[in-house]
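Undergrad: Data file target-v1.cif (mmCIF, C-alpha atoms) is appended below.
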data_structure
loop_
_atom_site.label_atom_id
_atom_site.label_comp_id
_atom_site.auth_asym_id
_atom_site.auth_seq_id
_atom_site.Cartn_x
_atom_site.Cartn_y
_atom_site.Cartn_z
CA MET U 1 128.73 201.71 98.18
CA SER U 2 131.02 202.45 101.08
CA ASP U 3 134.73 203.14 100.72
CA ALA U 4 137.66 203.51 103.08
CA ALA U 5 136.62 207.05 103.94
CA THR U 6 132.95 206.20 104.43
CA PRO U 7 132.25 203.28 106.78
CA ALA U 8 129.49 200.91 105.73
CA ARG U 9 126.09 201.52 107.24
CA VAL U 10 124.83 198.73 109.47
CA ALA U 11 121.32 197.29 109.76
CA LEU U 12 119.51 194.73 111.92
CA VAL U 13 116.67 192.98 110.06
CA THR U 14 114.19 190.61 111.72
CA GLY U 15 112.14 188.01 109.87
CA ALA U 16 115.18 187.72 107.61
CA ALA U 17 115.18 184.09 106.47
CA ARG U 18 112.78 184.49 103.56
CA GLY U 19 110.12 186.66 101.93
CA ILE U 20 110.31 190.44 102.24
CA GLY U 21 112.80 190.29 105.11
CA ALA U 22 115.27 188.25 103.06
CA ALA U 23 114.81 190.57 100.08
CA VAL U 24 115.62 193.54 102.31
CA VAL U 25 118.78 191.85 103.55
CA ARG U 26 119.91 191.04 99.99
CA GLN U 27 119.32 194.56 98.70
CA LEU U 28 121.06 196.19 101.64
CA ALA U 29 124.07 193.89 101.28
CA ALA U 30 124.20 194.55 97.54
CA THR U 31 124.51 198.27 98.18
CA GLY U 32 127.33 198.00 100.69
CA TRP U 33 125.51 197.63 104.00
CA ARG U 34 126.53 195.25 106.76
CA VAL U 35 123.50 193.36 108.02
CA VAL U 36 122.67 191.35 111.12
CA ALA U 37 119.93 189.03 109.80
CA LEU U 38 117.73 187.57 112.53
CA ASP U 39 115.04 184.91 112.24
CA ILE U 40 113.40 182.45 114.61
CA CYS U 41 114.11 179.57 112.19
CA ALA U 42 111.48 177.40 113.87
CA ASP U 43 107.83 176.67 113.29
CA GLU U 44 105.13 178.10 115.55
CA PRO U 45 102.93 175.38 117.15
CA GLY U 46 99.38 175.50 115.85
CA LEU U 47 100.13 178.01 113.10
CA GLY U 48 99.42 175.58 110.26
CA TYR U 49 102.26 176.54 107.91
CA PRO U 50 106.08 176.42 108.12
CA LEU U 51 108.20 179.46 108.93
CA GLY U 52 111.66 180.26 107.62
CA SER U 53 114.43 177.77 108.27
CA LYS U 54 117.99 177.92 109.52
CA GLU U 55 119.10 176.61 106.13
CA GLU U 56 117.45 179.58 104.37
CA LEU U 57 118.97 182.07 106.80
CA PHE U 58 122.49 180.70 106.54
CA ALA U 59 122.27 180.36 102.75
CA LEU U 60 121.44 184.06 102.64
CA ALA U 61 124.51 184.85 104.69
CA ASP U 62 126.70 182.54 102.60
CA ALA U 63 125.74 184.48 99.47
CA TRP U 64 127.26 187.66 100.96
CA PRO U 65 130.28 186.54 103.03
CA GLY U 66 131.46 189.23 105.41
CA SER U 67 128.39 191.39 104.82
CA ILE U 68 125.61 189.36 106.47
CA ARG U 69 125.78 187.95 109.99
CA PRO U 70 123.00 185.41 110.66
CA VAL U 71 121.46 185.23 114.13
CA VAL U 72 118.84 182.65 115.11
CA GLY U 73 116.40 184.14 117.57
CA ASP U 74 112.86 185.11 118.50
CA VAL U 75 111.71 188.75 118.43
CA ARG U 76 109.69 188.00 121.56
CA ASP U 77 112.98 187.56 123.46
CA MET U 78 114.36 190.95 124.57
CA THR U 79 117.62 189.45 125.80
CA LEU U 80 118.29 187.94 122.42
CA LEU U 81 117.42 191.14 120.53
CA ARG U 82 119.80 193.13 122.69
CA ALA U 83 122.45 190.50 121.98
CA ALA U 84 121.82 190.95 118.23
CA VAL U 85 122.35 194.70 118.62
CA ASP U 86 125.60 193.90 120.42
CA VAL U 87 126.63 191.75 117.44
CA ALA U 88 126.04 194.74 115.15
CA HIS U 89 128.22 196.88 117.40
CA ASP U 90 130.98 194.36 118.05
CA GLU U 91 131.32 192.99 114.51
CA PHE U 92 130.29 195.93 112.33
CA GLY U 93 130.87 198.98 114.54
CA GLY U 94 127.37 200.16 115.43
CA LEU U 95 123.83 200.39 114.11
CA ASP U 96 122.23 202.74 111.58
CA ALA U 97 118.92 201.04 110.76
CA ALA U 98 116.54 198.49 112.23
CA VAL U 99 113.90 196.76 110.11
CA ALA U 100 111.04 194.91 111.83
CA ALA U 101 109.90 192.38 109.22
CA ALA U 102 109.02 189.43 111.48
CA ALA U 103 105.31 188.63 111.40
CA LEU U 104 102.81 185.78 111.30
CA MET U 105 99.58 185.09 109.44
CA ALA U 106 96.64 183.66 111.37
CA GLY U 107 92.89 183.93 111.06
CA GLY U 108 90.36 182.60 108.58
CA LYS U 109 87.38 183.11 110.90
CA PRO U 110 85.07 185.96 111.86
CA LEU U 111 86.46 188.06 114.70
CA TRP U 112 83.99 186.66 117.24
CA GLU U 113 85.23 183.14 116.49
CA THR U 114 88.94 184.01 116.57
CA ASP U 115 90.57 182.14 119.43
CA ASP U 116 93.17 183.43 121.87
CA ALA U 117 95.94 181.35 120.30
CA ASP U 118 95.61 183.09 116.92
CA TRP U 119 95.20 186.52 118.52
CA ASP U 120 98.23 186.04 120.75
CA ALA U 121 100.38 184.76 117.87
CA LEU U 122 99.55 187.81 115.76
CA PHE U 123 100.22 190.33 118.50
CA GLU U 124 103.16 188.69 120.26
CA THR U 125 105.27 188.44 117.12
CA GLY U 126 103.75 191.13 114.92
CA VAL U 127 103.35 193.88 117.53
CA ARG U 128 105.39 193.03 120.60
CA GLY U 129 108.20 192.00 118.27
CA VAL U 130 108.25 195.53 116.84
CA VAL U 131 108.19 197.06 120.32
CA ASN U 132 111.01 194.79 121.45
CA LEU U 133 113.12 195.68 118.43
CA ALA U 134 112.59 199.37 119.14
CA ARG U 135 113.58 198.92 122.77
CA ALA U 136 116.74 197.09 121.77
CA ALA U 137 117.75 199.05 118.66
CA VAL U 138 116.77 202.68 119.22
CA PRO U 139 119.36 203.30 121.98
CA ALA U 140 122.02 202.04 119.56
CA LEU U 141 120.69 204.29 116.79
CA LEU U 142 120.85 207.23 119.18
CA ALA U 143 124.38 206.29 120.19
CA ARG U 144 125.63 207.30 116.75
CA PRO U 145 127.29 210.74 116.72
CA THR U 146 125.38 213.75 115.46
CA PRO U 147 124.27 214.59 112.86
CA ARG U 148 122.49 211.25 112.93
CA SER U 149 120.67 209.49 110.10
CA GLY U 150 119.26 206.48 111.93
CA ARG U 151 116.23 204.66 110.58
CA PHE U 152 113.61 202.42 112.17
CA VAL U 153 111.32 200.76 109.61
CA ALA U 154 108.47 198.36 110.41
CA LEU U 155 106.48 196.22 107.99
CA ALA U 156 102.78 196.93 108.37
CA SER U 157 100.27 195.83 105.70
CA ALA U 158 97.51 197.00 103.42
CA ALA U 159 95.32 195.20 105.97
CA ALA U 160 96.02 198.09 108.36
CA HIS U 161 94.16 200.45 106.04
CA ARG U 162 91.32 198.34 104.65
CA GLY U 163 89.18 195.66 106.25
CA LEU U 164 89.85 192.14 105.00
CA TRP U 165 87.36 189.30 105.29
CA HIS U 166 88.10 186.96 108.22
CA LEU U 167 91.40 188.73 108.98
CA ALA U 168 90.28 191.24 111.61
CA GLY U 169 92.99 190.13 114.03
CA TYR U 170 95.72 190.48 111.42
CA GLY U 171 94.40 193.91 110.46
CA ALA U 172 94.29 194.95 114.11
CA ALA U 173 97.90 193.87 114.65
CA LYS U 174 99.11 195.74 111.58
CA SER U 175 97.10 198.82 112.58
CA ALA U 176 98.89 198.67 115.92
CA VAL U 177 102.23 198.70 114.08
CA VAL U 178 101.22 201.90 112.27
CA GLY U 179 100.23 203.52 115.58
CA LEU U 180 103.49 202.44 117.20
CA ILE U 181 105.51 203.97 114.38
CA ARG U 182 103.70 207.30 114.62
CA GLY U 183 104.32 207.41 118.35
CA LEU U 184 107.94 206.33 118.04
CA ALA U 185 108.64 208.97 115.40
CA THR U 186 107.20 211.59 117.73
CA ASP U 187 109.37 210.36 120.59
CA LEU U 188 112.40 210.62 118.26
CA ARG U 189 111.63 214.20 117.27
CA GLY U 190 114.77 216.20 116.58
CA THR U 191 117.18 213.30 117.11
CA GLY U 192 117.97 212.61 113.45
CA VAL U 193 116.51 209.10 113.81
CA ASN U 194 113.36 208.58 111.74
CA ALA U 195 110.63 205.96 112.16
CA THR U 196 108.40 204.81 109.31
CA ALA U 197 106.22 201.91 108.24
CA VAL U 198 105.79 200.18 104.89
CA SER U 199 102.40 198.67 104.05
CA PRO U 200 102.75 196.04 101.32
CA GLY U 201 99.92 194.68 99.26
CA SER U 202 99.64 191.03 98.31
CA THR U 203 103.21 189.88 97.79
CA ARG U 204 104.49 186.53 96.50
CA THR U 205 105.68 185.07 99.80
CA PRO U 206 104.95 181.96 101.86
CA MET U 207 102.74 184.18 104.05
CA LEU U 208 100.53 184.90 101.05
CA ASP U 209 100.32 181.16 100.41
CA ALA U 210 99.14 180.82 104.01
CA SER U 211 96.51 183.51 103.40
CA ALA U 212 95.21 181.62 100.37
CA ALA U 213 94.97 178.47 102.49
CA LEU U 214 92.95 180.33 105.13
CA TYR U 215 90.47 181.34 102.41
CA GLY U 216 90.41 177.87 100.88
CA LEU U 217 91.79 179.18 97.57
CA PRO U 218 93.76 176.93 95.19
CA GLY U 219 96.41 179.63 94.75
CA THR U 220 97.27 183.27 95.33
CA GLN U 221 96.51 184.82 91.94
CA GLU U 222 93.02 185.93 93.00
CA PHE U 223 94.61 188.44 95.41
CA ALA U 224 95.94 190.38 92.41
CA LEU U 225 92.38 191.58 91.74
CA ASP U 226 92.81 194.05 94.62
CA HIS U 227 95.78 195.74 92.93
CA LEU U 228 95.70 198.54 90.38
CA THR U 229 98.81 196.90 88.94
CA ASP U 230 96.69 193.82 88.08
CA ARG U 231 99.40 191.54 89.43
CA LEU U 232 100.89 190.33 92.66
CA LEU U 233 103.92 192.17 94.01
CA THR U 234 107.37 190.64 94.42
CA PRO U 235 109.33 190.74 97.68
CA GLU U 236 112.01 192.71 95.86
CA GLU U 237 109.56 195.51 95.03
CA VAL U 238 108.53 195.93 98.64
CA ALA U 239 112.12 195.60 99.83
CA ALA U 240 113.10 198.47 97.52
CA ALA U 241 110.70 200.73 99.44
CA VAL U 242 112.07 199.55 102.78
CA CYS U 243 115.68 200.04 101.69
CA TRP U 244 114.97 203.54 100.43
CA LEU U 245 113.56 204.43 103.84
CA CYS U 246 116.76 203.06 105.43
CA ASP U 247 118.85 205.34 103.25
CA GLU U 248 120.19 208.67 104.48
CA ARG U 249 118.39 210.36 101.59
CA SER U 250 114.98 209.56 103.10
CA SER U 251 115.58 212.22 105.76
CA ALA U 252 112.31 214.08 105.07
CA VAL U 253 110.15 211.02 105.76
CA THR U 254 109.17 210.08 109.31
CA GLY U 255 106.06 209.22 111.31
CA THR U 256 104.19 207.98 108.26
CA VAL U 257 103.42 204.98 106.06
CA LEU U 258 104.78 204.24 102.60
CA HIS U 259 102.12 202.27 100.70
CA ALA U 260 104.01 199.72 98.58
CA ASP U 261 100.74 197.99 97.78
CA GLY U 262 100.20 198.06 94.04
CA GLY U 263 97.36 200.51 94.58
CA PHE U 264 95.49 198.26 97.03
CA ALA U 265 94.59 201.12 99.37
CA ALA U 266 93.32 203.31 96.55
#
Take the structure from the file and write it as structure tokens.
TA:
Amino acid sequence: MSDAATPARVALVTGAARGIGAAVVRQLAATGWRVVALDICADEPGLGYPLGSKEELFALADAWPGSIRPVVGDVRDMTLLRAAVDVAHDEFGGLDAAVAAAALMAGGKPLWETDDADWDALFETGVRGVVNLARAAVPALLARPTPRSGRFVALASAAAHRGLWHLAGYGAAKSAVVGLIRGLATDLRGTGVNATAVSPGSTRTPMLDASAALYGLPGTQEFALDHLTDRLLTPEEVAAAVCWLCDERSSAVTGTVLHADGGFAA
């Protein structure tokens, strides 16, 4: 918790309306952070399942008045992301962490049958969205006085480390996120700003429901068979890993992936 002598740390979280992103926002706020919570709050044409809503985003902010500032916007829009960073600066005094949690699920076909619409959706939000957040947020992280303890954390996936049936495009997008993080961490060498990724396993979120629908499954429980924990993960479990990486005490960790996957990659 922050006190009068220690200003609150400030984060910008994308994909914040629900799922892992919302859990990250809640946990950061509960430990004294100020959070700019950004979500598109609109459905993606042709995606086949609903995305987070404005009602979910603003309810999250209402639960932590003064700590969470909701912003409706698309991670594909650089102007809007830079404006969100400005909100962090103008309303909370700066930026100490950026969490790229915005992503989409698309697929359900062999790679050679995957159409451009699905491929573009996966990469425009799931990869370009991470790049855009880095372009907008890293200069603000570097603007903090030394010694810095800035953090850039991106949500990858167990799919980046193990092939999944009919999800080659999703796996490729998440593999790209891992590569981006390794390169970004190298670019940030010696600055005090670290870059990491978190690869969740199958987590109880609307995106997992969408995955089950792509496979024609009646529910999500079958995905737990891939976990050494013999159960699905909760968003709060994955968010705990993300929030630890945002903390100043994670200073030894950069340029790598934390596998919050229930043993999926084992």
Undergrad: For the PyMOL selection byres ((chain U and resi 108-111) around 6), applied here, can you spell out every residue it catches as number ranges by chain?
TA: U: 107, 112-114, 166, 168, 214
Undergrad: Which residues are near Val72 of chain U? Cut-off 10 Å, all atoms listed in the file, ignore same chain within fewer than 4 positions. Put them as an MDAnalysis selection string.
TA: chainID U and resid 14 16:17 37:42 53:54 57:58 80 84
Undergrad: Go through U:Gly192, U:Gly46, U:Gly73, U:Gly171 one by one, measure the shortest atom-to-atom distance of each to Ser250 of chain U using only C-alpha atoms, and give the residue with the smallest value.
TA: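 Closest to Ser250 of chain U, using only C-alpha atoms: U:Gly192.
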Undergrad: Work out how far atom CA of Gln221 of chain U is from atom CA of Leu164 of chain U, in Å to one decimal.
TA: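 Result for atom CA of Leu164 of chain U versus atom CA of Gln221 of chain U: 16.4 Å, one decimal.
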Undergrad: So, with all atoms listed in the file as the atoms that count, which of U:Val138, U:Ala63, U:Ile20, U:Leu188 lies closest to Gly201 of chain U?
TA: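 Among the listed residues, the smallest separation from Gly201 of chain U belongs to U:Ile20.
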Undergrad: Using only C-alpha atoms, find the one residue out of U:Leu184, U:Ala103, U:Ala8, U:Leu28 that sits nearest to Trp244 of chain U.
TA: U:Leu28
Undergrad: Within 6 Å of (109.5, 188.9, 116.8), in the coordinates the file gives, what residues turn up when you count all atoms listed in the file, written out as an NGL selection string?
TA: :U and (74-76 or 102 or 125 or 129)
Undergrad: Would you translate the PyMOL selection byres ((chain U and resi 126) around 8) into the concrete set of residues it matches in this file, as JSON, numbers by chain?
TA: {"U": [102, 103, 104, 121, 122, 123, 124, 125, 127, 128, 129, 130, 173, 174, 177]}
Undergrad: How far is it from atom CA of Arg204 of chain U to atom CA of Arg182 of chain U, in Å with one decimal?
TA: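 Atom CA of Arg204 of chain U sits 27.6 Å away from atom CA of Arg182 of chain U.
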Undergrad: Would you mind reading off the distance between atom CA of Ser202 of chain U and atom CA of Gly52 of chain U, one decimal, in Å?
TA: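 Between atom CA of Ser202 of chain U and atom CA of Gly52 of chain U the gap works out to 18.6 Å.
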Undergrad: So which residues touch Ala197 of chain U within 7 Å, counting all atoms listed in the file, skipping near sequence neighbours fewer than 2 positions away, as a ChimeraX atom specification?
TA: /U:153-156,178,181,199,256-258
